[in-house]
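Have a look at protein39.txt below; it lists compact mmCIF, N, CA and C atoms.
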# COMPACT_ATOMS: atom_id res chain seq x y z
N MET A 1443 39.27 47.66 -33.42
CA MET A 1443 39.47 48.36 -34.66
C MET A 1443 40.70 47.80 -35.38
N VAL A 1444 40.59 47.65 -36.68
CA VAL A 1444 41.67 47.08 -37.48
C VAL A 1444 42.77 48.12 -37.66
N PRO A 1445 44.04 47.73 -37.46
CA PRO A 1445 45.13 48.71 -37.64
C PRO A 1445 45.25 49.16 -39.10
N VAL A 1446 45.76 50.36 -39.29
CA VAL A 1446 45.88 50.93 -40.64
C VAL A 1446 46.90 50.15 -41.48
N THR A 1447 47.85 49.49 -40.84
CA THR A 1447 48.85 48.73 -41.61
C THR A 1447 48.21 47.58 -42.38
N TYR A 1448 47.13 47.01 -41.86
CA TYR A 1448 46.45 45.94 -42.59
C TYR A 1448 45.89 46.47 -43.91
N TYR A 1449 45.33 47.67 -43.86
CA TYR A 1449 44.82 48.28 -45.09
C TYR A 1449 45.95 48.57 -46.07
N MET A 1450 47.09 48.97 -45.55
CA MET A 1450 48.23 49.25 -46.43
C MET A 1450 48.75 47.98 -47.09
N PHE A 1451 48.78 46.87 -46.34
CA PHE A 1451 49.22 45.61 -46.93
C PHE A 1451 48.24 45.11 -48.00
N ILE A 1452 46.95 45.25 -47.74
CA ILE A 1452 45.95 44.84 -48.73
C ILE A 1452 46.05 45.72 -49.96
N SER A 1453 46.26 47.01 -49.76
CA SER A 1453 46.40 47.93 -50.88
C SER A 1453 47.65 47.62 -51.70
N ALA A 1454 48.75 47.31 -51.03
CA ALA A 1454 49.98 46.96 -51.75
C ALA A 1454 49.78 45.68 -52.55
N ALA A 1455 49.05 44.71 -51.98
CA ALA A 1455 48.78 43.47 -52.71
C ALA A 1455 47.90 43.74 -53.93
N LEU A 1456 46.92 44.62 -53.79
CA LEU A 1456 46.06 44.96 -54.93
C LEU A 1456 46.84 45.69 -56.02
N ILE A 1457 47.74 46.57 -55.63
CA ILE A 1457 48.56 47.26 -56.62
C ILE A 1457 49.47 46.27 -57.34
N ALA A 1458 50.07 45.36 -56.59
CA ALA A 1458 50.93 44.35 -57.22
C ALA A 1458 50.13 43.46 -58.17
N LEU A 1459 48.93 43.09 -57.77
CA LEU A 1459 48.08 42.27 -58.63
C LEU A 1459 47.70 43.03 -59.90
N GLY A 1460 47.38 44.31 -59.78
CA GLY A 1460 47.04 45.12 -60.94
C GLY A 1460 48.21 45.32 -61.89
N VAL A 1461 49.38 45.58 -61.34
CA VAL A 1461 50.57 45.75 -62.19
C VAL A 1461 50.91 44.44 -62.88
N TYR A 1462 50.80 43.32 -62.18
CA TYR A 1462 51.03 42.02 -62.80
C TYR A 1462 50.06 41.79 -63.95
N GLY A 1463 48.80 42.14 -63.74
CA GLY A 1463 47.81 41.98 -64.80
C GLY A 1463 48.10 42.86 -66.00
N LEU A 1464 48.61 44.07 -65.77
CA LEU A 1464 48.95 44.95 -66.89
C LEU A 1464 50.15 44.44 -67.67
N VAL A 1465 51.14 43.91 -66.94
CA VAL A 1465 52.38 43.49 -67.59
C VAL A 1465 52.23 42.14 -68.29
N SER A 1466 51.53 41.21 -67.68
CA SER A 1466 51.53 39.85 -68.21
C SER A 1466 50.40 39.56 -69.19
N LYS A 1467 49.26 40.17 -69.02
CA LYS A 1467 48.11 39.86 -69.88
C LYS A 1467 48.05 40.83 -71.05
N ARG A 1468 47.73 40.33 -72.22
CA ARG A 1468 47.63 41.18 -73.40
C ARG A 1468 46.20 41.27 -73.91
N ASN A 1469 45.25 40.80 -73.14
CA ASN A 1469 43.85 40.95 -73.50
C ASN A 1469 43.39 42.32 -73.03
N PHE A 1470 42.73 43.07 -73.91
CA PHE A 1470 42.37 44.46 -73.61
C PHE A 1470 41.43 44.55 -72.41
N ILE A 1471 40.48 43.64 -72.31
CA ILE A 1471 39.53 43.66 -71.19
C ILE A 1471 40.24 43.38 -69.88
N ARG A 1472 41.17 42.45 -69.89
CA ARG A 1472 41.93 42.16 -68.66
C ARG A 1472 42.80 43.34 -68.26
N MET A 1473 43.30 44.06 -69.24
CA MET A 1473 44.10 45.25 -68.92
C MET A 1473 43.22 46.33 -68.27
N LEU A 1474 42.00 46.49 -68.76
CA LEU A 1474 41.08 47.45 -68.14
C LEU A 1474 40.75 47.05 -66.70
N ILE A 1475 40.55 45.76 -66.48
CA ILE A 1475 40.26 45.29 -65.13
C ILE A 1475 41.46 45.53 -64.21
N SER A 1476 42.67 45.35 -64.73
CA SER A 1476 43.86 45.59 -63.93
C SER A 1476 43.98 47.06 -63.54
N ILE A 1477 43.63 47.96 -64.46
CA ILE A 1477 43.64 49.39 -64.13
C ILE A 1477 42.61 49.69 -63.05
N GLU A 1478 41.44 49.06 -63.14
CA GLU A 1478 40.41 49.25 -62.11
C GLU A 1478 40.89 48.76 -60.74
N ILE A 1479 41.63 47.66 -60.71
CA ILE A 1479 42.15 47.14 -59.44
C ILE A 1479 43.14 48.13 -58.84
N ILE A 1480 43.99 48.72 -59.67
CA ILE A 1480 44.96 49.71 -59.18
C ILE A 1480 44.24 50.94 -58.63
N LEU A 1481 43.21 51.39 -59.33
CA LEU A 1481 42.46 52.55 -58.84
C LEU A 1481 41.73 52.25 -57.53
N ASN A 1482 41.22 51.03 -57.38
CA ASN A 1482 40.58 50.66 -56.12
C ASN A 1482 41.58 50.57 -54.98
N ALA A 1483 42.81 50.17 -55.27
CA ALA A 1483 43.85 50.16 -54.24
C ALA A 1483 44.15 51.59 -53.79
N ALA A 1484 44.18 52.53 -54.72
CA ALA A 1484 44.38 53.94 -54.35
C ALA A 1484 43.23 54.44 -53.50
N ASN A 1485 42.00 54.04 -53.84
CA ASN A 1485 40.84 54.43 -53.03
C ASN A 1485 40.96 53.88 -51.61
N LEU A 1486 41.38 52.64 -51.49
CA LEU A 1486 41.53 52.03 -50.16
C LEU A 1486 42.55 52.80 -49.34
N ASN A 1487 43.66 53.19 -49.97
CA ASN A 1487 44.66 53.99 -49.26
C ASN A 1487 44.10 55.32 -48.82
N LEU A 1488 43.43 56.02 -49.71
CA LEU A 1488 42.90 57.34 -49.36
C LEU A 1488 41.91 57.27 -48.20
N ILE A 1489 41.00 56.32 -48.27
CA ILE A 1489 39.98 56.24 -47.22
C ILE A 1489 40.58 55.77 -45.90
N ALA A 1490 41.51 54.81 -45.94
CA ALA A 1490 42.12 54.33 -44.70
C ALA A 1490 42.94 55.43 -44.04
N LEU A 1491 43.73 56.15 -44.81
CA LEU A 1491 44.56 57.19 -44.22
C LEU A 1491 43.74 58.37 -43.73
N THR A 1492 42.64 58.67 -44.41
CA THR A 1492 41.78 59.75 -43.93
C THR A 1492 41.03 59.34 -42.67
N THR A 1493 40.58 58.09 -42.63
CA THR A 1493 39.82 57.63 -41.47
C THR A 1493 40.69 57.57 -40.22
N TYR A 1494 41.91 57.03 -40.36
CA TYR A 1494 42.77 56.90 -39.19
C TYR A 1494 43.53 58.18 -38.90
N GLY A 1495 43.95 58.87 -39.94
CA GLY A 1495 44.64 60.16 -39.77
C GLY A 1495 45.93 60.03 -38.98
N LEU A 1496 46.81 60.98 -39.17
CA LEU A 1496 48.07 60.98 -38.43
C LEU A 1496 47.96 61.73 -37.12
N TYR A 1497 47.08 62.72 -37.07
CA TYR A 1497 46.94 63.54 -35.88
C TYR A 1497 45.49 63.50 -35.42
N PRO A 1498 45.27 63.48 -34.11
CA PRO A 1498 43.89 63.55 -33.64
C PRO A 1498 43.27 64.89 -34.00
N ARG A 1499 42.02 64.86 -34.31
CA ARG A 1499 41.35 66.07 -34.79
C ARG A 1499 40.16 66.38 -33.89
N VAL A 1500 40.00 67.62 -33.55
CA VAL A 1500 38.86 68.07 -32.78
C VAL A 1500 37.89 68.75 -33.74
N GLY A 1501 36.65 68.40 -33.68
CA GLY A 1501 35.66 69.00 -34.56
C GLY A 1501 35.18 67.99 -35.61
N PRO A 1502 34.69 68.51 -36.72
CA PRO A 1502 34.16 67.60 -37.74
C PRO A 1502 35.26 66.75 -38.36
N PRO A 1503 34.92 65.55 -38.79
CA PRO A 1503 35.95 64.67 -39.36
C PRO A 1503 36.45 65.19 -40.71
N ASP A 1504 37.68 64.86 -41.02
CA ASP A 1504 38.29 65.24 -42.29
C ASP A 1504 37.84 64.26 -43.36
N LEU A 1505 37.16 64.74 -44.37
CA LEU A 1505 36.61 63.89 -45.42
C LEU A 1505 37.31 64.09 -46.75
N SER A 1506 38.50 64.66 -46.75
CA SER A 1506 39.18 64.94 -48.02
C SER A 1506 39.52 63.65 -48.77
N GLY A 1507 39.92 62.61 -48.07
CA GLY A 1507 40.22 61.34 -48.72
C GLY A 1507 38.98 60.70 -49.32
N HIS A 1508 37.87 60.83 -48.63
CA HIS A 1508 36.61 60.28 -49.13
C HIS A 1508 36.17 61.01 -50.40
N VAL A 1509 36.36 62.32 -50.40
CA VAL A 1509 35.99 63.12 -51.58
C VAL A 1509 36.89 62.74 -52.76
N MET A 1510 38.18 62.60 -52.52
CA MET A 1510 39.09 62.19 -53.60
C MET A 1510 38.75 60.79 -54.10
N ALA A 1511 38.35 59.90 -53.21
CA ALA A 1511 37.95 58.55 -53.63
C ALA A 1511 36.72 58.60 -54.52
N MET A 1512 35.79 59.50 -54.23
CA MET A 1512 34.61 59.64 -55.09
C MET A 1512 35.01 60.16 -56.47
N PHE A 1513 35.96 61.08 -56.54
CA PHE A 1513 36.44 61.54 -57.84
C PHE A 1513 37.11 60.40 -58.61
N ILE A 1514 37.89 59.59 -57.92
CA ILE A 1514 38.56 58.46 -58.57
C ILE A 1514 37.54 57.46 -59.08
N ILE A 1515 36.47 57.23 -58.33
CA ILE A 1515 35.42 56.32 -58.78
C ILE A 1515 34.76 56.87 -60.05
N GLY A 1516 34.55 58.16 -60.10
CA GLY A 1516 33.99 58.78 -61.31
C GLY A 1516 34.91 58.65 -62.51
N VAL A 1517 36.21 58.88 -62.29
CA VAL A 1517 37.19 58.73 -63.36
C VAL A 1517 37.26 57.27 -63.82
N ALA A 1518 37.20 56.35 -62.88
CA ALA A 1518 37.24 54.93 -63.24
C ALA A 1518 36.02 54.52 -64.06
N ALA A 1519 34.86 55.07 -63.73
CA ALA A 1519 33.66 54.76 -64.51
C ALA A 1519 33.78 55.30 -65.92
N ALA A 1520 34.29 56.52 -66.06
CA ALA A 1520 34.48 57.09 -67.39
C ALA A 1520 35.52 56.30 -68.17
N GLU A 1521 36.59 55.89 -67.50
CA GLU A 1521 37.63 55.08 -68.15
C GLU A 1521 37.07 53.76 -68.63
N ALA A 1522 36.23 53.14 -67.83
CA ALA A 1522 35.64 51.86 -68.23
C ALA A 1522 34.71 52.04 -69.43
N ALA A 1523 33.93 53.10 -69.44
CA ALA A 1523 33.01 53.34 -70.56
C ALA A 1523 33.77 53.60 -71.86
N VAL A 1524 34.78 54.46 -71.80
CA VAL A 1524 35.56 54.75 -72.99
C VAL A 1524 36.36 53.53 -73.43
N GLY A 1525 36.94 52.82 -72.47
CA GLY A 1525 37.72 51.63 -72.79
C GLY A 1525 36.88 50.54 -73.43
N LEU A 1526 35.69 50.31 -72.92
CA LEU A 1526 34.83 49.29 -73.52
C LEU A 1526 34.33 49.71 -74.89
N ALA A 1527 34.06 51.00 -75.09
CA ALA A 1527 33.69 51.48 -76.42
C ALA A 1527 34.84 51.28 -77.40
N LEU A 1528 36.05 51.54 -76.96
CA LEU A 1528 37.22 51.33 -77.80
C LEU A 1528 37.40 49.85 -78.10
N ALA A 1529 37.18 48.99 -77.11
CA ALA A 1529 37.31 47.55 -77.32
C ALA A 1529 36.29 47.05 -78.33
N VAL A 1530 35.07 47.53 -78.26
CA VAL A 1530 34.04 47.12 -79.23
C VAL A 1530 34.42 47.60 -80.63
N SER A 1531 34.91 48.81 -80.75
CA SER A 1531 35.31 49.34 -82.05
C SER A 1531 36.48 48.55 -82.64
N VAL A 1532 37.47 48.24 -81.81
CA VAL A 1532 38.62 47.46 -82.29
C VAL A 1532 38.19 46.06 -82.66
N TYR A 1533 37.30 45.46 -81.89
CA TYR A 1533 36.84 44.11 -82.21
C TYR A 1533 36.07 44.08 -83.52
N ARG A 1534 35.26 45.09 -83.76
CA ARG A 1534 34.51 45.14 -85.03
C ARG A 1534 35.46 45.27 -86.22
N THR A 1535 36.56 45.98 -86.03
CA THR A 1535 37.49 46.20 -87.13
C THR A 1535 38.43 45.01 -87.35
N TYR A 1536 39.01 44.48 -86.27
CA TYR A 1536 40.06 43.47 -86.39
C TYR A 1536 39.65 42.07 -85.97
N ARG A 1537 38.45 41.91 -85.42
CA ARG A 1537 37.94 40.62 -84.94
C ARG A 1537 38.80 40.00 -83.86
N THR A 1538 39.49 40.82 -83.08
CA THR A 1538 40.26 40.36 -81.93
C THR A 1538 40.44 41.53 -80.96
N ILE A 1539 40.61 41.21 -79.69
CA ILE A 1539 40.95 42.25 -78.72
C ILE A 1539 42.29 41.95 -78.05
N ASN A 1540 43.04 40.99 -78.63
CA ASN A 1540 44.37 40.68 -78.14
C ASN A 1540 45.30 41.79 -78.61
N VAL A 1541 45.96 42.46 -77.68
CA VAL A 1541 46.76 43.63 -77.99
C VAL A 1541 47.96 43.26 -78.86
N ARG A 1542 48.52 42.09 -78.71
CA ARG A 1542 49.68 41.68 -79.51
C ARG A 1542 49.32 41.43 -80.97
N GLU A 1543 48.09 41.05 -81.23
CA GLU A 1543 47.69 40.75 -82.60
C GLU A 1543 47.29 41.98 -83.40
N ILE A 1544 47.09 43.09 -82.73
CA ILE A 1544 46.68 44.31 -83.42
C ILE A 1544 47.93 45.10 -83.77
N ARG A 1545 48.39 44.94 -84.98
CA ARG A 1545 49.64 45.60 -85.42
C ARG A 1545 49.38 46.92 -86.13
N LYS A 1546 48.22 47.10 -86.73
CA LYS A 1546 47.96 48.27 -87.54
C LYS A 1546 47.76 49.53 -86.71
N LEU A 1547 47.58 49.39 -85.40
CA LEU A 1547 47.38 50.56 -84.56
C LEU A 1547 48.70 51.25 -84.18
N ARG A 1548 49.81 50.58 -84.44
CA ARG A 1548 51.11 51.18 -84.09
C ARG A 1548 51.44 52.31 -85.05
N GLY A 1549 52.03 53.36 -84.49
CA GLY A 1549 52.35 54.53 -85.30
C GLY A 1549 53.67 54.47 -85.96

Take the structure I supplied and represent it as structure tokens, if you would.
Amino acid sequence: MVPVTYYMFISAALIALGVYGLVSKRNFIRMLISIEIILNAANLNLIALTTYGLYPRVGPPDLSGHVMAMFIIGVAAAEAAVGLALAVSVYRTYRTINVREIRKLRG
């Protein structure tokens, strides 16, 4: 069985990759993908920690992390749908999805 620390290292790498994508890239689609990577890293943490658990458990397995991961997957799907709809709308208006080039959206 793979130790839980391996999952934590992979999750930390995914979070770092997602944050780097958010900070460095100004393309709206790439920013959405970076947010998805961060959410998947959170899912990996939840499932790994629930599966391995800190204390041995007698009886049915604890599925709270799995349930939370399913909610996060649902939120990520909704975020992707709304984000892509917003990207299409912005592209139709400004003919670009580069966040730096869209100045009229600033308040």

- [ ] Identify, on the basis of only C-alpha atoms, every residue whose closest approach to range 1531-1539 of chain A does not exceed 9 Å; exclude the query and any residue fewer than 3 positions from it along the same chain; express the result as an MDAnalysis selection string.
- [x] chainID A and resid 1468:1471 1526:1528 1542:1544

Task: Selection near range 1483-1498 of chain A, 6 Å with all atoms listed in the file, sequence-local residues under 3 positions removed, as an MDAnalysis selection string - done: chainID A and resid 1453 1456:1457 1478:1480 1504 1507:1508 1511

Open item on the list: DSSP on the backbone, alpha helix (DSSP H) only: what residues of range 1443-1546 of chain A does that give? Format it as a PyMOL selection string.
Closed with: chain A and resi 1446-1466+1470-1494+1506-1536

Open item on the list: Report, in Å to a single decimal, how far apart CA of Phe1451 in chain A and CA of Glu1521 in chain A are.
Closed with: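 Computing it gives 26.0 Å between the two atoms.
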
Open item on the list: Between CA of Met1443 in chain A and CA of Ala1458 in chain A, what is the distance in Å, rounded to a tenth?
Closed with: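 About the pair CA of Met1443 in chain A and CA of Ala1458 in chain A: they are 25.6 Å apart.
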
Task: One-decimal distance in Å that lies between CA of Ser1476 in chain A and atom C of Gly1516 in chain A - done: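 A separation of 15.9 Å between them.
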
Task: Near-Met1473 in chain A list (6.5 Å; only N, CA and C atoms; drop same-chain fewer than 6 positions) as a count of residues only - done: 3
